[in-house]
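Participant: Dropping the structure in here first, questions after.
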Amino acid sequence: MNISSYYHLEQKLKPLLGAGEDFFNVIIRLYIAQIFFRSGLTKLRDWDSTLFLFEEEYQVPLLPPDIAAYLGTGGELLLPVLLALGLFTRFAASGLFVVNLVAAMSLADLSAIAWLQHAIWGTGAMYIMLHGGAHFSVDYLLKKLWLK
């Protein structure tokens, strides 16, 4: 098979590969969104425990514990909704990347499995930060409407 044959094969597969990339993008967005949204709901269910954890367990740099609790919980509830919809997708992914990074850094004793989970979530968020919401997103629809 010569280089010309590879090029033609690539051109024929391009639409299929592009659709796979869009599907992968949605899967990553929904996976990360549900992880952080569930975490935010858990914090809301027992706010006294959440405040206690931010005061005693989590060592969030530069912020008083109560403000960190409000900002962290708010971010875990709002940003995943934006991410799942694909609205302000790069912003939402960036915010969740920061929430994830702060969470991983603020826990003193994180197991190897927990570190791996945070690495997976951070990598997924970074992928979305770099690629945006792709074709299955509100951002894409708004862009199409704006350009008309």
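Going through the structure tokens in order, the chains are called A, B, and so on, while each chain numbers its residues from 1 and the ligands are numbered from 1 in the order shown.
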With only C-alpha atoms as the counted atoms, please give the residues lying no more than 10 Å from range 67-83 of chain A, apart from itself and same-chain residues fewer than 6 positions off, as a PyMOL selection string.

Facilitator: chain A and resi 26+28-44+47+50-55+58-61+89-96+98-100+102-103+125+128+132-133+137-138

Participant: Would you please work out which residue, of A:Ser5, A:Pro15, A:Asp22, A:Leu62, is nearest to Ser106 in chain A when using only C-alpha atoms?

Facilitator: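 Going through A:Ser5, A:Pro15, A:Asp22, A:Leu62 one by one, the smallest distance to Ser106 in chain A is for A:Leu62.
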
Participant: If I take CA of Leu87 in chain A and CA of Asp139 in chain A, how far is one from the other in Å, to one decimal?

Facilitator: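 Going from CA of Leu87 in chain A over to CA of Asp139 in chain A, I get 5.2 Å.
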
Participant: Give me, as a PDB file with N, CA and C atoms, in the first residue's frame, the residues of range 46-145 of chain A that a backbone DSSP run labels alpha helix (DSSP H).

Facilitator:
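Now in result-v5.pdb:
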```pdb
ATOM      1  N   TRP A  47     -24.858  20.042  55.340  1.00  0.00           N
ATOM      2  CA  TRP A  47     -24.047  21.253  55.279  1.00  0.00           C
ATOM      3  C   TRP A  47     -23.172  21.426  56.511  1.00  0.00           C
ATOM      4  N   ASP A  48     -23.671  21.041  57.685  1.00  0.00           N
ATOM      5  CA  ASP A  48     -22.855  21.158  58.894  1.00  0.00           C
ATOM      6  C   ASP A  48     -21.583  20.305  58.788  1.00  0.00           C
ATOM      7  N   SER A  49     -21.729  19.098  58.265  1.00  0.00           N
ATOM      8  CA  SER A  49     -20.547  18.246  58.067  1.00  0.00           C
ATOM      9  C   SER A  49     -19.612  18.837  57.026  1.00  0.00           C
ATOM     10  N   THR A  50     -20.192  19.421  55.988  1.00  0.00           N
ATOM     11  CA  THR A  50     -19.374  20.050  54.952  1.00  0.00           C
ATOM     12  C   THR A  50     -18.538  21.171  55.544  1.00  0.00           C
ATOM     13  N   LEU A  51     -19.168  22.029  56.329  1.00  0.00           N
ATOM     14  CA  LEU A  51     -18.423  23.123  56.962  1.00  0.00           C
ATOM     15  C   LEU A  51     -17.340  22.582  57.888  1.00  0.00           C
ATOM     16  N   PHE A  52     -17.686  21.542  58.643  1.00  0.00           N
ATOM     17  CA  PHE A  52     -16.713  20.935  59.545  1.00  0.00           C
ATOM     18  C   PHE A  52     -15.508  20.400  58.757  1.00  0.00           C
ATOM     19  N   LEU A  53     -15.780  19.701  57.666  1.00  0.00           N
ATOM     20  CA  LEU A  53     -14.691  19.150  56.854  1.00  0.00           C
ATOM     21  C   LEU A  53     -13.802  20.252  56.278  1.00  0.00           C
ATOM     22  N   PHE A  54     -14.410  21.338  55.840  1.00  0.00           N
ATOM     23  CA  PHE A  54     -13.608  22.435  55.297  1.00  0.00           C
ATOM     24  C   PHE A  54     -12.799  23.130  56.390  1.00  0.00           C
ATOM     25  N   GLU A  55     -13.298  23.106  57.626  1.00  0.00           N
ATOM     26  CA  GLU A  55     -12.550  23.717  58.732  1.00  0.00           C
ATOM     27  C   GLU A  55     -11.439  22.806  59.246  1.00  0.00           C
ATOM     28  N   GLU A  56     -11.699  21.503  59.305  1.00  0.00           N
ATOM     29  CA  GLU A  56     -10.776  20.592  59.981  1.00  0.00           C
ATOM     30  C   GLU A  56      -9.963  19.684  59.050  1.00  0.00           C
ATOM     31  N   PRO A  65     -12.240  28.765  55.472  1.00  0.00           N
ATOM     32  CA  PRO A  65     -12.964  27.508  55.262  1.00  0.00           C
ATOM     33  C   PRO A  65     -14.423  27.674  54.828  1.00  0.00           C
ATOM     34  N   ASP A  66     -15.148  28.637  55.406  1.00  0.00           N
ATOM     35  CA  ASP A  66     -16.564  28.788  55.038  1.00  0.00           C
ATOM     36  C   ASP A  66     -16.716  29.283  53.599  1.00  0.00           C
ATOM     37  N   ILE A  67     -15.857  30.206  53.170  1.00  0.00           N
ATOM     38  CA  ILE A  67     -15.915  30.689  51.783  1.00  0.00           C
ATOM     39  C   ILE A  67     -15.514  29.568  50.824  1.00  0.00           C
ATOM     40  N   ALA A  68     -14.487  28.790  51.195  1.00  0.00           N
ATOM     41  CA  ALA A  68     -14.077  27.656  50.363  1.00  0.00           C
ATOM     42  C   ALA A  68     -15.220  26.650  50.226  1.00  0.00           C
ATOM     43  N   ALA A  69     -15.963  26.416  51.302  1.00  0.00           N
ATOM     44  CA  ALA A  69     -17.092  25.474  51.261  1.00  0.00           C
ATOM     45  C   ALA A  69     -18.180  25.974  50.315  1.00  0.00           C
ATOM     46  N   TYR A  70     -18.521  27.235  50.398  1.00  0.00           N
ATOM     47  CA  TYR A  70     -19.552  27.794  49.512  1.00  0.00           C
ATOM     48  C   TYR A  70     -19.095  27.783  48.050  1.00  0.00           C
ATOM     49  N   LEU A  71     -17.869  28.229  47.809  1.00  0.00           N
ATOM     50  CA  LEU A  71     -17.370  28.276  46.434  1.00  0.00           C
ATOM     51  C   LEU A  71     -17.216  26.876  45.842  1.00  0.00           C
ATOM     52  N   GLY A  72     -16.666  25.961  46.636  1.00  0.00           N
ATOM     53  CA  GLY A  72     -16.486  24.597  46.145  1.00  0.00           C
ATOM     54  C   GLY A  72     -17.809  23.918  45.841  1.00  0.00           C
ATOM     55  N   THR A  73     -18.761  24.057  46.751  1.00  0.00           N
ATOM     56  CA  THR A  73     -20.071  23.434  46.546  1.00  0.00           C
ATOM     57  C   THR A  73     -20.809  24.088  45.384  1.00  0.00           C
ATOM     58  N   GLY A  74     -20.765  25.393  45.317  1.00  0.00           N
ATOM     59  CA  GLY A  74     -21.401  26.097  44.201  1.00  0.00           C
ATOM     60  C   GLY A  74     -20.811  25.694  42.867  1.00  0.00           C
ATOM     61  N   GLY A  75     -19.490  25.582  42.817  1.00  0.00           N
ATOM     62  CA  GLY A  75     -18.819  25.154  41.590  1.00  0.00           C
ATOM     63  C   GLY A  75     -19.183  23.728  41.214  1.00  0.00           C
ATOM     64  N   GLU A  76     -19.315  22.866  42.222  1.00  0.00           N
ATOM     65  CA  GLU A  76     -19.655  21.467  41.948  1.00  0.00           C
ATOM     66  C   GLU A  76     -21.108  21.297  41.521  1.00  0.00           C
ATOM     67  N   LEU A  77     -21.934  22.283  41.751  1.00  0.00           N
ATOM     68  CA  LEU A  77     -23.340  22.196  41.337  1.00  0.00           C
ATOM     69  C   LEU A  77     -23.612  22.930  40.023  1.00  0.00           C
ATOM     70  N   LEU A  78     -22.992  24.060  39.800  1.00  0.00           N
ATOM     71  CA  LEU A  78     -23.247  24.849  38.592  1.00  0.00           C
ATOM     72  C   LEU A  78     -22.413  24.392  37.388  1.00  0.00           C
ATOM     73  N   LEU A  79     -21.118  24.246  37.593  1.00  0.00           N
ATOM     74  CA  LEU A  79     -20.231  23.928  36.474  1.00  0.00           C
ATOM     75  C   LEU A  79     -20.556  22.596  35.791  1.00  0.00           C
ATOM     76  N   PRO A  80     -20.929  21.545  36.530  1.00  0.00           N
ATOM     77  CA  PRO A  80     -21.291  20.296  35.839  1.00  0.00           C
ATOM     78  C   PRO A  80     -22.524  20.425  34.943  1.00  0.00           C
ATOM     79  N   VAL A  81     -23.470  21.260  35.335  1.00  0.00           N
ATOM     80  CA  VAL A  81     -24.650  21.465  34.495  1.00  0.00           C
ATOM     81  C   VAL A  81     -24.228  22.120  33.176  1.00  0.00           C
ATOM     82  N   LEU A  82     -23.384  23.136  33.271  1.00  0.00           N
ATOM     83  CA  LEU A  82     -22.877  23.784  32.060  1.00  0.00           C
ATOM     84  C   LEU A  82     -22.090  22.798  31.204  1.00  0.00           C
ATOM     85  N   LEU A  83     -21.269  21.987  31.856  1.00  0.00           N
ATOM     86  CA  LEU A  83     -20.457  21.018  31.125  1.00  0.00           C
ATOM     87  C   LEU A  83     -21.325  19.989  30.412  1.00  0.00           C
ATOM     88  N   ALA A  84     -22.330  19.480  31.092  1.00  0.00           N
ATOM     89  CA  ALA A  84     -23.203  18.464  30.491  1.00  0.00           C
ATOM     90  C   ALA A  84     -23.949  19.037  29.285  1.00  0.00           C
ATOM     91  N   LEU A  85     -24.392  20.272  29.398  1.00  0.00           N
ATOM     92  CA  LEU A  85     -25.099  20.908  28.285  1.00  0.00           C
ATOM     93  C   LEU A  85     -24.155  21.329  27.156  1.00  0.00           C
ATOM     94  N   THR A  89     -18.517  25.629  27.631  1.00  0.00           N
ATOM     95  CA  THR A  89     -17.897  24.336  27.909  1.00  0.00           C
ATOM     96  C   THR A  89     -16.467  24.460  28.405  1.00  0.00           C
ATOM     97  N   ARG A  90     -15.667  25.257  27.729  1.00  0.00           N
ATOM     98  CA  ARG A  90     -14.264  25.389  28.146  1.00  0.00           C
ATOM     99  C   ARG A  90     -14.158  26.047  29.521  1.00  0.00           C
ATOM    100  N   PHE A  91     -15.004  27.026  29.784  1.00  0.00           N
ATOM    101  CA  PHE A  91     -15.041  27.677  31.101  1.00  0.00           C
ATOM    102  C   PHE A  91     -15.410  26.657  32.173  1.00  0.00           C
ATOM    103  N   ALA A  92     -16.466  25.870  31.931  1.00  0.00           N
ATOM    104  CA  ALA A  92     -16.919  24.879  32.919  1.00  0.00           C
ATOM    105  C   ALA A  92     -15.840  23.832  33.169  1.00  0.00           C
ATOM    106  N   ALA A  93     -15.208  23.356  32.102  1.00  0.00           N
ATOM    107  CA  ALA A  93     -14.144  22.360  32.254  1.00  0.00           C
ATOM    108  C   ALA A  93     -12.954  22.946  33.012  1.00  0.00           C
ATOM    109  N   SER A  94     -12.628  24.200  32.736  1.00  0.00           N
ATOM    110  CA  SER A  94     -11.521  24.858  33.447  1.00  0.00           C
ATOM    111  C   SER A  94     -11.837  24.996  34.930  1.00  0.00           C
ATOM    112  N   GLY A  95     -13.066  25.401  35.230  1.00  0.00           N
ATOM    113  CA  GLY A  95     -13.469  25.532  36.631  1.00  0.00           C
ATOM    114  C   GLY A  95     -13.421  24.206  37.365  1.00  0.00           C
ATOM    115  N   LEU A  96     -13.901  23.149  36.725  1.00  0.00           N
ATOM    116  CA  LEU A  96     -13.864  21.831  37.362  1.00  0.00           C
ATOM    117  C   LEU A  96     -12.445  21.297  37.469  1.00  0.00           C
ATOM    118  N   PHE A  97     -11.588  21.659  36.526  1.00  0.00           N
ATOM    119  CA  PHE A  97     -10.180  21.291  36.628  1.00  0.00           C
ATOM    120  C   PHE A  97      -9.571  21.912  37.888  1.00  0.00           C
ATOM    121  N   VAL A  98      -9.887  23.184  38.130  1.00  0.00           N
ATOM    122  CA  VAL A  98      -9.366  23.870  39.316  1.00  0.00           C
ATOM    123  C   VAL A  98      -9.963  23.261  40.588  1.00  0.00           C
ATOM    124  N   VAL A  99     -11.268  23.009  40.596  1.00  0.00           N
ATOM    125  CA  VAL A  99     -11.909  22.377  41.766  1.00  0.00           C
ATOM    126  C   VAL A  99     -11.235  21.033  42.047  1.00  0.00           C
ATOM    127  N   ASN A 100     -11.010  20.251  41.012  1.00  0.00           N
ATOM    128  CA  ASN A 100     -10.372  18.946  41.160  1.00  0.00           C
ATOM    129  C   ASN A 100      -8.952  19.082  41.702  1.00  0.00           C
ATOM    130  N   LEU A 101      -8.202  20.026  41.165  1.00  0.00           N
ATOM    131  CA  LEU A 101      -6.828  20.245  41.599  1.00  0.00           C
ATOM    132  C   LEU A 101      -6.777  20.665  43.068  1.00  0.00           C
ATOM    133  N   VAL A 102      -7.637  21.605  43.444  1.00  0.00           N
ATOM    134  CA  VAL A 102      -7.676  22.065  44.838  1.00  0.00           C
ATOM    135  C   VAL A 102      -8.086  20.923  45.760  1.00  0.00           C
ATOM    136  N   ALA A 103      -9.067  20.132  45.335  1.00  0.00           N
ATOM    137  CA  ALA A 103      -9.509  18.999  46.154  1.00  0.00           C
ATOM    138  C   ALA A 103      -8.368  18.010  46.368  1.00  0.00           C
ATOM    139  N   ALA A 104      -7.648  17.695  45.311  1.00  0.00           N
ATOM    140  CA  ALA A 104      -6.544  16.740  45.429  1.00  0.00           C
ATOM    141  C   ALA A 104      -5.421  17.290  46.297  1.00  0.00           C
ATOM    142  N   MET A 105      -5.153  18.578  46.182  1.00  0.00           N
ATOM    143  CA  MET A 105      -4.069  19.187  46.962  1.00  0.00           C
ATOM    144  C   MET A 105      -4.461  19.426  48.418  1.00  0.00           C
ATOM    145  N   SER A 106      -5.751  19.589  48.691  1.00  0.00           N
ATOM    146  CA  SER A 106      -6.161  19.969  50.035  1.00  0.00           C
ATOM    147  C   SER A 106      -6.338  18.779  50.979  1.00  0.00           C
ATOM    148  N   ALA A 112      -3.587   5.948  46.787  1.00  0.00           N
ATOM    149  CA  ALA A 112      -3.153   5.839  45.395  1.00  0.00           C
ATOM    150  C   ALA A 112      -4.351   5.773  44.453  1.00  0.00           C
ATOM    151  N   ILE A 113      -5.411   5.098  44.869  1.00  0.00           N
ATOM    152  CA  ILE A 113      -6.621   5.007  44.044  1.00  0.00           C
ATOM    153  C   ILE A 113      -7.271   6.380  43.910  1.00  0.00           C
ATOM    154  N   ALA A 114      -7.328   7.129  45.002  1.00  0.00           N
ATOM    155  CA  ALA A 114      -7.921   8.472  44.951  1.00  0.00           C
ATOM    156  C   ALA A 114      -7.101   9.386  44.046  1.00  0.00           C
ATOM    157  N   TRP A 115      -5.768   9.283  44.120  1.00  0.00           N
ATOM    158  CA  TRP A 115      -4.908  10.075  43.238  1.00  0.00           C
ATOM    159  C   TRP A 115      -5.184   9.733  41.779  1.00  0.00           C
ATOM    160  N   LEU A 116      -5.355   8.434  41.497  1.00  0.00           N
ATOM    161  CA  LEU A 116      -5.639   8.003  40.137  1.00  0.00           C
ATOM    162  C   LEU A 116      -6.979   8.568  39.657  1.00  0.00           C
ATOM    163  N   GLN A 117      -7.981   8.538  40.519  1.00  0.00           N
ATOM    164  CA  GLN A 117      -9.281   9.107  40.149  1.00  0.00           C
ATOM    165  C   GLN A 117      -9.157  10.589  39.825  1.00  0.00           C
ATOM    166  N   HIS A 118      -8.483  11.324  40.677  1.00  0.00           N
ATOM    167  CA  HIS A 118      -8.309  12.758  40.430  1.00  0.00           C
ATOM    168  C   HIS A 118      -7.513  13.000  39.143  1.00  0.00           C
ATOM    169  N   ALA A 119      -6.546  12.150  38.860  1.00  0.00           N
ATOM    170  CA  ALA A 119      -5.778  12.288  37.624  1.00  0.00           C
ATOM    171  C   ALA A 119      -6.675  12.043  36.410  1.00  0.00           C
ATOM    172  N   ILE A 120      -7.535  11.045  36.486  1.00  0.00           N
ATOM    173  CA  ILE A 120      -8.464  10.763  35.379  1.00  0.00           C
ATOM    174  C   ILE A 120      -9.413  11.936  35.186  1.00  0.00           C
ATOM    175  N   TRP A 121      -9.983  12.446  36.272  1.00  0.00           N
ATOM    176  CA  TRP A 121     -10.917  13.572  36.168  1.00  0.00           C
ATOM    177  C   TRP A 121     -10.210  14.809  35.618  1.00  0.00           C
ATOM    178  N   GLY A 122      -9.001  15.060  36.097  1.00  0.00           N
ATOM    179  CA  GLY A 122      -8.239  16.214  35.617  1.00  0.00           C
ATOM    180  C   GLY A 122      -7.876  16.088  34.146  1.00  0.00           C
ATOM    181  N   THR A 123      -7.508  14.887  33.729  1.00  0.00           N
ATOM    182  CA  THR A 123      -7.182  14.658  32.319  1.00  0.00           C
ATOM    183  C   THR A 123      -8.413  14.855  31.443  1.00  0.00           C
ATOM    184  N   GLY A 124      -9.560  14.342  31.895  1.00  0.00           N
ATOM    185  CA  GLY A 124     -10.804  14.528  31.142  1.00  0.00           C
ATOM    186  C   GLY A 124     -11.172  15.994  31.035  1.00  0.00           C
ATOM    187  N   ALA A 125     -11.050  16.715  32.140  1.00  0.00           N
ATOM    188  CA  ALA A 125     -11.359  18.146  32.124  1.00  0.00           C
ATOM    189  C   ALA A 125     -10.406  18.887  31.192  1.00  0.00           C
ATOM    190  N   MET A 126      -9.148  18.493  31.214  1.00  0.00           N
ATOM    191  CA  MET A 126      -8.173  19.147  30.340  1.00  0.00           C
ATOM    192  C   MET A 126      -8.481  18.852  28.870  1.00  0.00           C
ATOM    193  N   TYR A 127      -8.899  17.641  28.560  1.00  0.00           N
ATOM    194  CA  TYR A 127      -9.281  17.297  27.186  1.00  0.00           C
ATOM    195  C   TYR A 127     -10.406  18.225  26.714  1.00  0.00           C
ATOM    196  N   ILE A 128     -11.412  18.424  27.562  1.00  0.00           N
ATOM    197  CA  ILE A 128     -12.546  19.291  27.205  1.00  0.00           C
ATOM    198  C   ILE A 128     -12.094  20.746  27.114  1.00  0.00           C
ATOM    199  N   MET A 129     -11.182  21.162  27.990  1.00  0.00           N
ATOM    200  CA  MET A 129     -10.655  22.528  27.909  1.00  0.00           C
ATOM    201  C   MET A 129      -9.994  22.759  26.551  1.00  0.00           C
ATOM    202  N   LEU A 130      -9.292  21.766  26.057  1.00  0.00           N
ATOM    203  CA  LEU A 130      -8.563  21.906  24.794  1.00  0.00           C
ATOM    204  C   LEU A 130      -9.460  21.769  23.570  1.00  0.00           C
ATOM    205  N   HIS A 131     -10.487  20.908  23.658  1.00  0.00           N
ATOM    206  CA  HIS A 131     -11.317  20.606  22.488  1.00  0.00           C
ATOM    207  C   HIS A 131     -12.681  21.283  22.496  1.00  0.00           C
ATOM    208  N   VAL A 138     -24.384  22.972  23.297  1.00  0.00           N
ATOM    209  CA  VAL A 138     -25.104  24.236  23.107  1.00  0.00           C
ATOM    210  C   VAL A 138     -24.155  25.270  22.513  1.00  0.00           C
ATOM    211  N   ASP A 139     -22.898  25.233  22.895  1.00  0.00           N
ATOM    212  CA  ASP A 139     -21.910  26.154  22.316  1.00  0.00           C
ATOM    213  C   ASP A 139     -21.884  26.039  20.794  1.00  0.00           C
ATOM    214  N   TYR A 140     -21.879  24.823  20.291  1.00  0.00           N
ATOM    215  CA  TYR A 140     -21.839  24.600  18.851  1.00  0.00           C
ATOM    216  C   TYR A 140     -23.095  25.159  18.184  1.00  0.00           C
ATOM    217  N   LEU A 141     -24.258  24.906  18.793  1.00  0.00           N
ATOM    218  CA  LEU A 141     -25.512  25.427  18.230  1.00  0.00           C
ATOM    219  C   LEU A 141     -25.529  26.950  18.227  1.00  0.00           C
ATOM    220  N   LEU A 142     -25.070  27.545  19.314  1.00  0.00           N
ATOM    221  CA  LEU A 142     -25.019  29.010  19.380  1.00  0.00           C
ATOM    222  C   LEU A 142     -24.058  29.582  18.342  1.00  0.00           C
ATOM    223  N   LYS A 143     -22.940  28.911  18.157  1.00  0.00           N
ATOM    224  CA  LYS A 143     -21.972  29.359  17.150  1.00  0.00           C
ATOM    225  C   LYS A 143     -22.592  29.295  15.751  1.00  0.00           C
ATOM    226  N   LYS A 144     -23.308  28.214  15.450  1.00  0.00           N
ATOM    227  CA  LYS A 144     -23.964  28.078  14.145  1.00  0.00           C
ATOM    228  C   LYS A 144     -25.001  29.178  13.946  1.00  0.00           C
ATOM    229  N   LEU A 145     -25.783  29.481  14.991  1.00  0.00           N
ATOM    230  CA  LEU A 145     -26.789  30.544  14.896  1.00  0.00           C
ATOM    231  C   LEU A 145     -26.126  31.913  14.739  1.00  0.00           C
TER     232      LEU A 145
END
```

Participant: Of the residues A:Leu63, A:Ala108, A:Ala134, A:Leu13, which is the one nearest to Asn25 in chain A, using only C-alpha atoms?

Facilitator: A:Ala134

Participant: What is the distance, in Å and to one decimal place, between CA of Ser111 in chain A and CA of Arg45 in chain A?

Facilitator: 25.0 Å

Participant: Using CA of Lys148 in chain A and CA of Gly20 in chain A as the two end points, give the distance in Å to one decimal.

Facilitator: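 Atom-to-atom, CA of Lys148 in chain A and CA of Gly20 in chain A are spaced 26.7 Å apart.
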